[in-house]
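Shown next: coords-v1.pdb, given as PDB, C-alpha atoms.
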```
ATOM      1  CA  ASP A   1      87.943 184.258 125.158
ATOM      2  CA  GLN A   2      91.692 183.588 125.105
ATOM      3  CA  GLN A   3      93.358 185.537 127.877
ATOM      4  CA  VAL A   4      96.855 184.598 126.691
ATOM      5  CA  LYS A   5      97.654 184.634 122.986
ATOM      6  CA  GLN A   6     100.655 183.642 120.956
ATOM      7  CA  ASN A   7      99.808 184.983 117.531
ATOM      8  CA  SER A   8     102.643 183.307 115.646
ATOM      9  CA  PRO A   9     102.047 179.564 115.364
ATOM     10  CA  SER A  10     105.533 179.021 113.986
ATOM     11  CA  LEU A  11     108.911 180.735 113.657
ATOM     12  CA  SER A  12     111.970 179.720 111.662
ATOM     13  CA  VAL A  13     115.415 181.070 112.568
ATOM     14  CA  GLN A  14     118.968 180.411 111.427
ATOM     15  CA  GLU A  15     121.376 178.885 113.937
ATOM     16  CA  GLY A  16     123.324 181.566 115.789
ATOM     17  CA  ARG A  17     120.726 184.259 115.202
ATOM     18  CA  ILE A  18     118.227 185.652 117.707
ATOM     19  CA  SER A  19     114.821 184.037 118.199
ATOM     20  CA  ILE A  20     112.050 186.308 119.447
ATOM     21  CA  LEU A  21     108.818 184.718 120.604
ATOM     22  CA  ASN A  22     105.913 186.963 121.470
ATOM     23  CA  CYS A  23     102.947 186.684 123.799
ATOM     24  CA  ASP A  24     100.028 189.003 124.524
ATOM     25  CA  TYR A  25      97.562 188.883 127.397
ATOM     26  CA  THR A  26      94.309 190.603 128.187
ATOM     27  CA  ASN A  27      93.830 190.007 131.927
ATOM     28  CA  SER A  28      95.346 192.945 133.814
ATOM     29  CA  MET A  29      95.279 190.864 137.017
ATOM     30  CA  PHE A  30      98.049 188.577 135.724
ATOM     31  CA  ASP A  31     101.181 189.269 137.728
ATOM     32  CA  TYR A  32     103.430 186.285 137.085
ATOM     33  CA  PHE A  33     104.536 185.041 133.684
ATOM     34  CA  LEU A  34     106.407 181.936 132.633
ATOM     35  CA  TRP A  35     107.838 180.393 129.470
ATOM     36  CA  TYR A  36     107.890 176.661 128.873
ATOM     37  CA  LYS A  37     109.477 174.588 126.124
ATOM     38  CA  LYS A  38     107.855 171.385 124.939
ATOM     39  CA  TYR A  39     109.296 168.575 122.839
ATOM     40  CA  PRO A  40     106.983 165.980 121.253
ATOM     41  CA  ALA A  41     105.837 163.239 123.637
ATOM     42  CA  GLU A  42     107.262 165.099 126.642
ATOM     43  CA  GLY A  43     105.767 167.419 129.230
ATOM     44  CA  PRO A  44     106.550 171.148 129.130
ATOM     45  CA  THR A  45     109.913 172.148 130.602
ATOM     46  CA  PHE A  46     110.148 175.359 132.626
ATOM     47  CA  LEU A  47     112.492 177.909 131.056
ATOM     48  CA  ILE A  48     112.215 181.281 132.723
ATOM     49  CA  SER A  49     109.736 183.436 134.606
ATOM     50  CA  ILE A  50     109.139 187.071 135.451
ATOM     51  CA  SER A  51     106.959 188.819 137.989
ATOM     52  CA  SER A  52     105.096 191.990 137.180
ATOM     53  CA  ILE A  53     107.394 194.099 139.342
ATOM     54  CA  LYS A  54     110.170 193.560 136.796
ATOM     55  CA  ASP A  55     110.461 194.340 133.125
ATOM     56  CA  LYS A  56     113.341 192.020 132.306
ATOM     57  CA  ASN A  57     114.755 188.732 133.526
ATOM     58  CA  GLU A  58     117.778 187.002 132.085
ATOM     59  CA  ASP A  59     119.060 183.442 132.400
ATOM     60  CA  GLY A  60     121.919 182.478 130.134
ATOM     61  CA  ARG A  61     120.777 182.574 126.523
ATOM     62  CA  PHE A  62     117.177 183.281 127.540
ATOM     63  CA  THR A  63     115.773 186.727 128.335
ATOM     64  CA  VAL A  64     112.156 187.571 128.989
ATOM     65  CA  PHE A  65     110.869 191.114 128.583
ATOM     66  CA  LEU A  66     107.591 192.332 130.063
ATOM     67  CA  ASN A  67     105.736 195.434 128.876
ATOM     68  CA  LYS A  68     102.834 195.808 131.311
ATOM     69  CA  SER A  69     101.298 198.828 129.625
ATOM     70  CA  ALA A  70     101.088 196.926 126.333
ATOM     71  CA  LYS A  71     100.205 193.640 128.079
ATOM     72  CA  HIS A  72     102.976 192.016 126.076
ATOM     73  CA  LEU A  73     105.906 189.776 126.859
ATOM     74  CA  SER A  74     108.594 188.293 124.706
ATOM     75  CA  LEU A  75     111.233 185.603 124.996
ATOM     76  CA  HIS A  76     114.598 186.215 123.354
ATOM     77  CA  ILE A  77     116.967 183.322 122.697
ATOM     78  CA  VAL A  78     120.498 184.341 121.754
ATOM     79  CA  PRO A  79     122.219 182.623 120.077
ATOM     80  CA  SER A  80     119.664 180.138 118.800
ATOM     81  CA  GLN A  81     120.747 176.504 118.576
ATOM     82  CA  PRO A  82     119.190 173.571 116.692
ATOM     83  CA  GLY A  83     118.381 171.956 120.054
ATOM     84  CA  ASP A  84     116.097 174.892 120.792
ATOM     85  CA  SER A  85     113.683 173.621 118.147
ATOM     86  CA  ALA A  86     110.493 172.915 120.084
ATOM     87  CA  VAL A  87     107.075 174.377 120.870
ATOM     88  CA  TYR A  88     107.236 177.321 123.268
ATOM     89  CA  PHE A  89     104.326 178.207 125.526
ATOM     90  CA  CYS A  90     103.890 181.361 127.517
ATOM     91  CA  ALA A  91     101.775 181.140 130.651
ATOM     92  CA  ALA A  92     100.395 183.610 133.160
ATOM     93  CA  SER A  93      98.879 183.523 136.613
ATOM     94  CA  GLU A  94      97.171 185.807 139.079
ATOM     95  CA  ALA A  95      99.642 184.856 141.780
ATOM     96  CA  ASN A  96      98.096 187.203 144.314
ATOM     97  CA  ASN A  97      94.513 186.254 143.589
ATOM     98  CA  ALA A  98      93.595 182.902 142.114
ATOM     99  CA  GLY A  99      96.635 181.082 143.299
ATOM    100  CA  ASN A 100      98.905 179.233 140.979
ATOM    101  CA  MET A 101      96.496 178.326 138.188
ATOM    102  CA  LEU A 102      98.362 178.877 134.919
ATOM    103  CA  THR A 103      96.673 180.148 131.778
ATOM    104  CA  PHE A 104      98.604 179.105 128.679
ATOM    105  CA  GLY A 105      98.915 180.533 125.224
ATOM    106  CA  GLY A 106      98.478 178.289 122.208
ATOM    107  CA  GLY A 107     102.211 177.864 121.629
ATOM    108  CA  THR A 108     104.735 178.830 118.956
ATOM    109  CA  ARG A 109     106.741 176.182 117.125
ATOM    110  CA  LEU A 110     110.346 177.327 116.815
ATOM    111  CA  MET A 111     112.538 175.752 114.149
ATOM    112  CA  VAL A 112     116.252 176.561 114.301
ATOM    113  CA  LYS A 113     118.005 175.660 111.071
ATOM    114  CA  PRO A 114     121.672 174.607 111.100
TER     115      PRO A 114
ATOM    116  CA  GLU B   1     116.348 163.952 141.713
ATOM    117  CA  ALA B   2     113.342 162.314 140.069
ATOM    118  CA  GLY B   3     110.933 164.556 138.235
ATOM    119  CA  VAL B   4     107.167 164.376 138.098
ATOM    120  CA  THR B   5     106.040 160.919 137.041
ATOM    121  CA  GLN B   6     102.730 159.908 135.516
ATOM    122  CA  SER B   7     101.092 156.577 134.777
ATOM    123  CA  PRO B   8     100.034 155.080 132.557
ATOM    124  CA  THR B   9     101.774 156.550 129.514
ATOM    125  CA  HIS B  10      98.872 155.619 127.289
ATOM    126  CA  LEU B  11      95.301 154.675 128.141
ATOM    127  CA  ILE B  12      92.608 153.492 125.757
ATOM    128  CA  LYS B  13      89.001 153.452 126.906
ATOM    129  CA  THR B  14      85.580 153.308 125.302
ATOM    130  CA  ARG B  15      82.851 155.891 125.621
ATOM    131  CA  GLY B  16      81.023 155.702 128.941
ATOM    132  CA  GLN B  17      83.868 154.044 130.809
ATOM    133  CA  GLN B  18      85.903 155.579 133.622
ATOM    134  CA  ALA B  19      89.592 156.491 133.455
ATOM    135  CA  THR B  20      92.026 156.867 136.327
ATOM    136  CA  LEU B  21      95.305 158.698 135.814
ATOM    137  CA  ARG B  22      98.062 158.891 138.413
ATOM    138  CA  CYS B  23     100.743 161.409 139.248
ATOM    139  CA  SER B  24     103.684 161.494 141.646
ATOM    140  CA  PRO B  25     105.112 164.965 142.308
ATOM    141  CA  ILE B  26     108.733 165.883 142.775
ATOM    142  CA  SER B  27     109.898 164.895 146.242
ATOM    143  CA  GLY B  28     109.193 167.763 148.646
ATOM    144  CA  HIS B  29     106.486 169.325 146.491
ATOM    145  CA  THR B  30     103.034 169.584 148.044
ATOM    146  CA  SER B  31     101.003 171.142 145.229
ATOM    147  CA  VAL B  32      99.775 169.110 142.265
ATOM    148  CA  TYR B  33      98.048 170.491 139.170
ATOM    149  CA  TRP B  34      96.251 168.755 136.316
ATOM    150  CA  TYR B  35      95.996 170.157 132.786
ATOM    151  CA  GLN B  36      94.358 168.884 129.603
ATOM    152  CA  GLN B  37      95.853 169.389 126.161
ATOM    153  CA  ALA B  38      93.311 168.367 123.557
ATOM    154  CA  LEU B  39      94.385 168.029 119.931
ATOM    155  CA  GLY B  40      94.959 171.417 118.380
ATOM    156  CA  LEU B  41      94.305 173.239 121.626
ATOM    157  CA  GLY B  42      96.543 174.723 124.291
ATOM    158  CA  LEU B  43      96.901 173.507 127.839
ATOM    159  CA  GLN B  44      93.718 173.981 129.846
ATOM    160  CA  PHE B  45      93.801 174.043 133.654
ATOM    161  CA  LEU B  46      91.758 171.252 135.243
ATOM    162  CA  LEU B  47      92.422 170.922 138.979
ATOM    163  CA  TRP B  48      94.797 172.061 141.702
ATOM    164  CA  TYR B  49      95.449 170.122 144.916
ATOM    165  CA  ASP B  50      97.508 171.187 147.871
ATOM    166  CA  GLU B  51      97.942 169.465 151.232
ATOM    167  CA  GLY B  52      95.210 166.993 150.314
ATOM    168  CA  GLU B  53      92.603 169.627 149.501
ATOM    169  CA  GLU B  54      91.156 170.746 146.171
ATOM    170  CA  ARG B  55      92.126 174.441 145.915
ATOM    171  CA  ASN B  56      90.778 175.370 142.495
ATOM    172  CA  ARG B  57      89.220 173.802 139.433
ATOM    173  CA  GLY B  58      88.961 174.913 135.850
ATOM    174  CA  ASN B  59      85.933 175.088 133.590
ATOM    175  CA  PHE B  60      85.349 171.356 133.336
ATOM    176  CA  PRO B  61      82.248 169.289 134.211
ATOM    177  CA  PRO B  62      81.987 167.474 137.568
ATOM    178  CA  ARG B  63      82.756 164.122 135.951
ATOM    179  CA  PHE B  64      86.370 165.300 136.082
ATOM    180  CA  SER B  65      87.467 164.797 139.663
ATOM    181  CA  GLY B  66      90.491 163.790 141.626
ATOM    182  CA  ARG B  67      92.184 163.574 144.927
ATOM    183  CA  GLN B  68      95.537 163.997 146.598
ATOM    184  CA  PHE B  69      96.922 161.391 148.954
ATOM    185  CA  PRO B  70      98.906 161.943 152.194
ATOM    186  CA  ASN B  71     102.150 161.330 150.274
ATOM    187  CA  TYR B  72     101.103 164.182 147.906
ATOM    188  CA  SER B  73     100.597 161.896 144.912
ATOM    189  CA  SER B  74      97.378 162.470 143.030
ATOM    190  CA  GLU B  75      94.734 160.764 140.931
ATOM    191  CA  LEU B  76      92.593 162.241 138.203
ATOM    192  CA  ASN B  77      89.330 160.416 137.535
ATOM    193  CA  VAL B  78      87.238 160.977 134.464
ATOM    194  CA  ASN B  79      83.781 159.372 134.594
ATOM    195  CA  ALA B  80      81.357 158.698 131.759
ATOM    196  CA  LEU B  81      84.072 159.213 129.148
ATOM    197  CA  GLU B  82      83.165 161.093 126.001
ATOM    198  CA  LEU B  83      85.014 161.087 122.679
ATOM    199  CA  GLU B  84      86.147 164.687 123.222
ATOM    200  CA  ASP B  85      87.955 163.655 126.419
ATOM    201  CA  SER B  86      90.675 162.210 124.201
ATOM    202  CA  ALA B  87      93.700 164.344 125.042
ATOM    203  CA  LEU B  88      97.096 164.506 126.686
ATOM    204  CA  TYR B  89      96.665 164.924 130.438
ATOM    205  CA  LEU B  90      99.570 166.632 132.119
ATOM    206  CA  CYS B  91     100.346 166.721 135.800
ATOM    207  CA  ALA B  92     102.588 169.371 137.341
ATOM    208  CA  SER B  93     103.903 169.994 140.831
ATOM    209  CA  SER B  94     105.248 172.996 142.687
ATOM    210  CA  TYR B  95     107.067 173.372 145.982
ATOM    211  CA  ASP B  96     104.010 174.638 147.825
ATOM    212  CA  SER B  97     100.918 176.744 147.302
ATOM    213  CA  SER B  98     102.628 180.085 147.712
ATOM    214  CA  SER B  99     102.719 182.478 144.816
ATOM    215  CA  TYR B 100     105.444 182.786 142.237
ATOM    216  CA  ASN B 101     106.326 179.103 142.238
ATOM    217  CA  GLU B 102     107.110 177.589 138.874
ATOM    218  CA  GLN B 103     105.318 174.365 138.040
ATOM    219  CA  PHE B 104     107.247 171.325 136.833
ATOM    220  CA  PHE B 105     105.463 168.993 134.457
ATOM    221  CA  GLY B 106     105.428 165.254 133.997
ATOM    222  CA  PRO B 107     105.486 163.545 130.588
ATOM    223  CA  GLY B 108     101.706 163.172 130.475
ATOM    224  CA  THR B 109      99.154 160.410 129.937
ATOM    225  CA  ARG B 110      97.686 160.122 126.454
ATOM    226  CA  LEU B 111      94.015 159.161 126.875
ATOM    227  CA  THR B 112      92.178 157.869 123.823
ATOM    228  CA  VAL B 113      88.423 157.378 123.998
ATOM    229  CA  LEU B 114      86.949 155.146 121.284
TER     230      LEU B 114
END
```
Translate the structure of the given file into structure tokens.
Amino acid sequence: DQQVKQNSPSLSVQEGRISILNCDYTNSMFDYFLWYKKYPAEGPTFLISISSIKDKNEDGRFTVFLNKSAKHLSLHIVPSQPGDSAVYFCAASEANNAGNMLTFGGGTRLMVKP
Amino acid sequence: EAGVTQSPTHLIKTRGQQATLRCSPISGHTSVYWYQQALGLGLQFLLWYDEGEERNRGNFPPRFSGRQFPNYSSELNVNALELEDSALYLCASSYDSSSYNEQFFGPGTRLTVL
């Protein structure tokens, strides 16, 4: 049973436009959420995180929104750049319970076209 | 500042053999995590070490084991290799075991079991 799901395996966006990547989770005990970017043959790179006490966190072009009632989070990238083309993973943890074990979604491949 | 390093980059073994993978965390980080990314699957949590102790393990058989050394580096050992153990093994580190710490990943070790 997948506790973290990214239902869109791929997303194509024009350069300069907004990219919206979505993630759903089922475990109500998750209280810390992270987004990672992964290029081929490299490890995931941390992008941005949000704790369950917030509903929005912003860092430059990246904003993460958390809707706890819907068990849904999204990553917005504005404006999108060709260098953003990568696989994006959302991850969640029960920071107050099971420690720092991360549960990952299956990833969404973002392609930003020039 | 050096990131998380892993060795070897690639490892080829035959079924039944043992594999040893190594990880050096970011300087100052005490927690080390191991994840498996099998082909077509997301990242699956394997093991978490902090201050030399195993803190948590994922849903993997006992032939997956490891340890953390006094300098906080870590080894992952996989005994009695099976074909389905072929995967990218990622190591991550975080500052300590407290909650809400992002994990920083190394480039991974690609294990191929023939």
Item checked: Selection under test: the PyMOL selection byres ((chain B) within 10 of (chain A)); residues as JSON, numbers by chain -> {"B": [4, 9, 31, 33, 34, 35, 40, 41, 42, 43, 44, 45, 46, 47, 48, 55, 56, 57, 58, 88, 89, 90, 91, 92, 94, 96, 97, 98, 99, 100, 101, 102, 103, 104, 105, 106, 107, 108, 109, 110]}
Do you know which residues are at most 10 Å from Glu75 in chain B counting all atoms listed in the file, after dropping those on the same chain fewer than 2 positions away, and could you put them as an MDAnalysis selection string? chainID B and resid 6:7 20:24 32 34 65:69 73 77:78 91
> Quick one: which residues end up in the PyMOL selection byres ((chain A and resi 111) around 7) for this structure, as a VMD selection string?
Replying inline: chain A and resid 11 to 13 85 to 86 109 to 110 112 to 113
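Restricting the calculation to all atoms listed in the file, the smallest distance between Asn59 in chain B and any of B:Gln36, B:Asn71, B:Thr14, B:Thr5 is found for B:Gln36.
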Which residues match the PyMOL selection byres ((chain B and resi 63) around 6) in the file above, as a VMD selection string?
-> chain B and resid 61 to 62 64 78 to 79
* So how many Å separate CA of Ser69 in chain A and CA of Ser10 in chain A, to one decimal? ->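 It comes out at 25.6 Å.
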Counting all atoms listed in the file, the residue of B:Glu54, B:Val113, B:His29, B:Ile12 that sits nearest Ala80 in chain B =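 Closest to Ala80 in chain B of all the choices is B:Val113.
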re CA of Ile20 in chain A and CA of Cys90 in chain A: distance 12.5 Å
Atoms are missing here; could range 75-86 of chain B be completed with all heavy atoms and written as a short mmCIF file (atom, residue, chain, number, x, y, z; two decimals), in the frame of the given file?
```cif
data_model
loop_
_atom_site.label_atom_id
_atom_site.label_comp_id
_atom_site.auth_asym_id
_atom_site.auth_seq_id
_atom_site.Cartn_x
_atom_site.Cartn_y
_atom_site.Cartn_z
N GLU B 75 95.49 161.47 141.96
CA GLU B 75 94.73 160.76 140.93
C GLU B 75 93.78 161.71 140.25
O GLU B 75 93.21 162.59 140.91
CB GLU B 75 93.88 159.64 141.57
CG GLU B 75 94.52 158.30 141.68
CD GLU B 75 93.55 157.27 142.27
OE1 GLU B 75 92.36 157.58 142.48
OE2 GLU B 75 94.03 156.15 142.51
N LEU B 76 93.64 161.55 138.95
CA LEU B 76 92.59 162.24 138.20
C LEU B 76 91.63 161.18 137.70
O LEU B 76 92.05 160.20 137.07
CB LEU B 76 93.19 163.02 137.02
CG LEU B 76 92.18 163.64 136.07
CD1 LEU B 76 91.43 164.78 136.75
CD2 LEU B 76 92.89 164.16 134.80
N ASN B 77 90.36 161.34 138.00
CA ASN B 77 89.33 160.42 137.54
C ASN B 77 88.42 161.12 136.55
O ASN B 77 87.98 162.25 136.79
CB ASN B 77 88.50 159.91 138.72
CG ASN B 77 89.33 159.08 139.67
OD1 ASN B 77 89.81 158.00 139.32
ND2 ASN B 77 89.54 159.57 140.87
N VAL B 78 88.17 160.45 135.45
CA VAL B 78 87.24 160.98 134.46
C VAL B 78 86.14 159.94 134.29
O VAL B 78 86.40 158.82 133.83
CB VAL B 78 87.91 161.27 133.11
CG1 VAL B 78 86.94 162.01 132.19
CG2 VAL B 78 89.18 162.08 133.31
N ASN B 79 84.92 160.29 134.69
CA ASN B 79 83.78 159.37 134.59
C ASN B 79 83.01 159.60 133.30
O ASN B 79 83.11 160.67 132.67
CB ASN B 79 82.85 159.60 135.79
CG ASN B 79 83.50 159.20 137.10
OD1 ASN B 79 84.18 158.18 137.18
ND2 ASN B 79 83.31 160.01 138.11
N ALA B 80 82.24 158.59 132.94
CA ALA B 80 81.36 158.70 131.76
C ALA B 80 82.10 159.30 130.58
O ALA B 80 81.72 160.34 130.04
CB ALA B 80 80.12 159.52 132.11
N LEU B 81 83.19 158.68 130.19
CA LEU B 81 84.07 159.21 129.15
C LEU B 81 83.31 159.54 127.86
O LEU B 81 82.44 158.78 127.42
CB LEU B 81 85.19 158.21 128.85
CG LEU B 81 86.30 158.15 129.90
CD1 LEU B 81 87.15 156.91 129.69
CD2 LEU B 81 87.16 159.41 129.85
N GLU B 82 83.69 160.67 127.29
CA GLU B 82 83.16 161.09 126.00
C GLU B 82 84.32 161.16 125.01
O GLU B 82 85.49 161.28 125.40
CB GLU B 82 82.48 162.45 126.14
CG GLU B 82 81.32 162.44 127.13
CD GLU B 82 80.66 163.80 127.28
OE1 GLU B 82 81.09 164.75 126.60
OE2 GLU B 82 79.71 163.90 128.10
N LEU B 83 83.98 161.10 123.71
CA LEU B 83 85.01 161.09 122.68
C LEU B 83 85.94 162.31 122.81
O LEU B 83 87.16 162.20 122.60
CB LEU B 83 84.39 161.05 121.29
CG LEU B 83 83.56 159.81 120.96
CD1 LEU B 83 82.95 159.93 119.56
CD2 LEU B 83 84.40 158.55 121.05
N GLU B 84 85.35 163.45 123.17
CA GLU B 84 86.15 164.69 123.22
C GLU B 84 87.07 164.74 124.43
O GLU B 84 87.83 165.70 124.60
CB GLU B 84 85.25 165.93 123.20
CG GLU B 84 84.16 165.93 124.22
CD GLU B 84 82.84 165.42 123.66
OE1 GLU B 84 82.88 164.53 122.77
OE2 GLU B 84 81.79 165.89 124.11
N ASP B 85 87.01 163.72 125.30
CA ASP B 85 87.96 163.66 126.42
C ASP B 85 89.31 163.13 125.97
O ASP B 85 90.28 163.16 126.74
CB ASP B 85 87.42 162.75 127.54
CG ASP B 85 86.15 163.29 128.17
OD1 ASP B 85 85.94 164.52 128.14
OD2 ASP B 85 85.34 162.47 128.66
N SER B 86 89.39 162.67 124.74
CA SER B 86 90.68 162.21 124.20
C SER B 86 91.65 163.38 124.19
O SER B 86 91.39 164.41 123.56
CB SER B 86 90.50 161.67 122.78
OG SER B 86 89.69 160.52 122.78
#
```
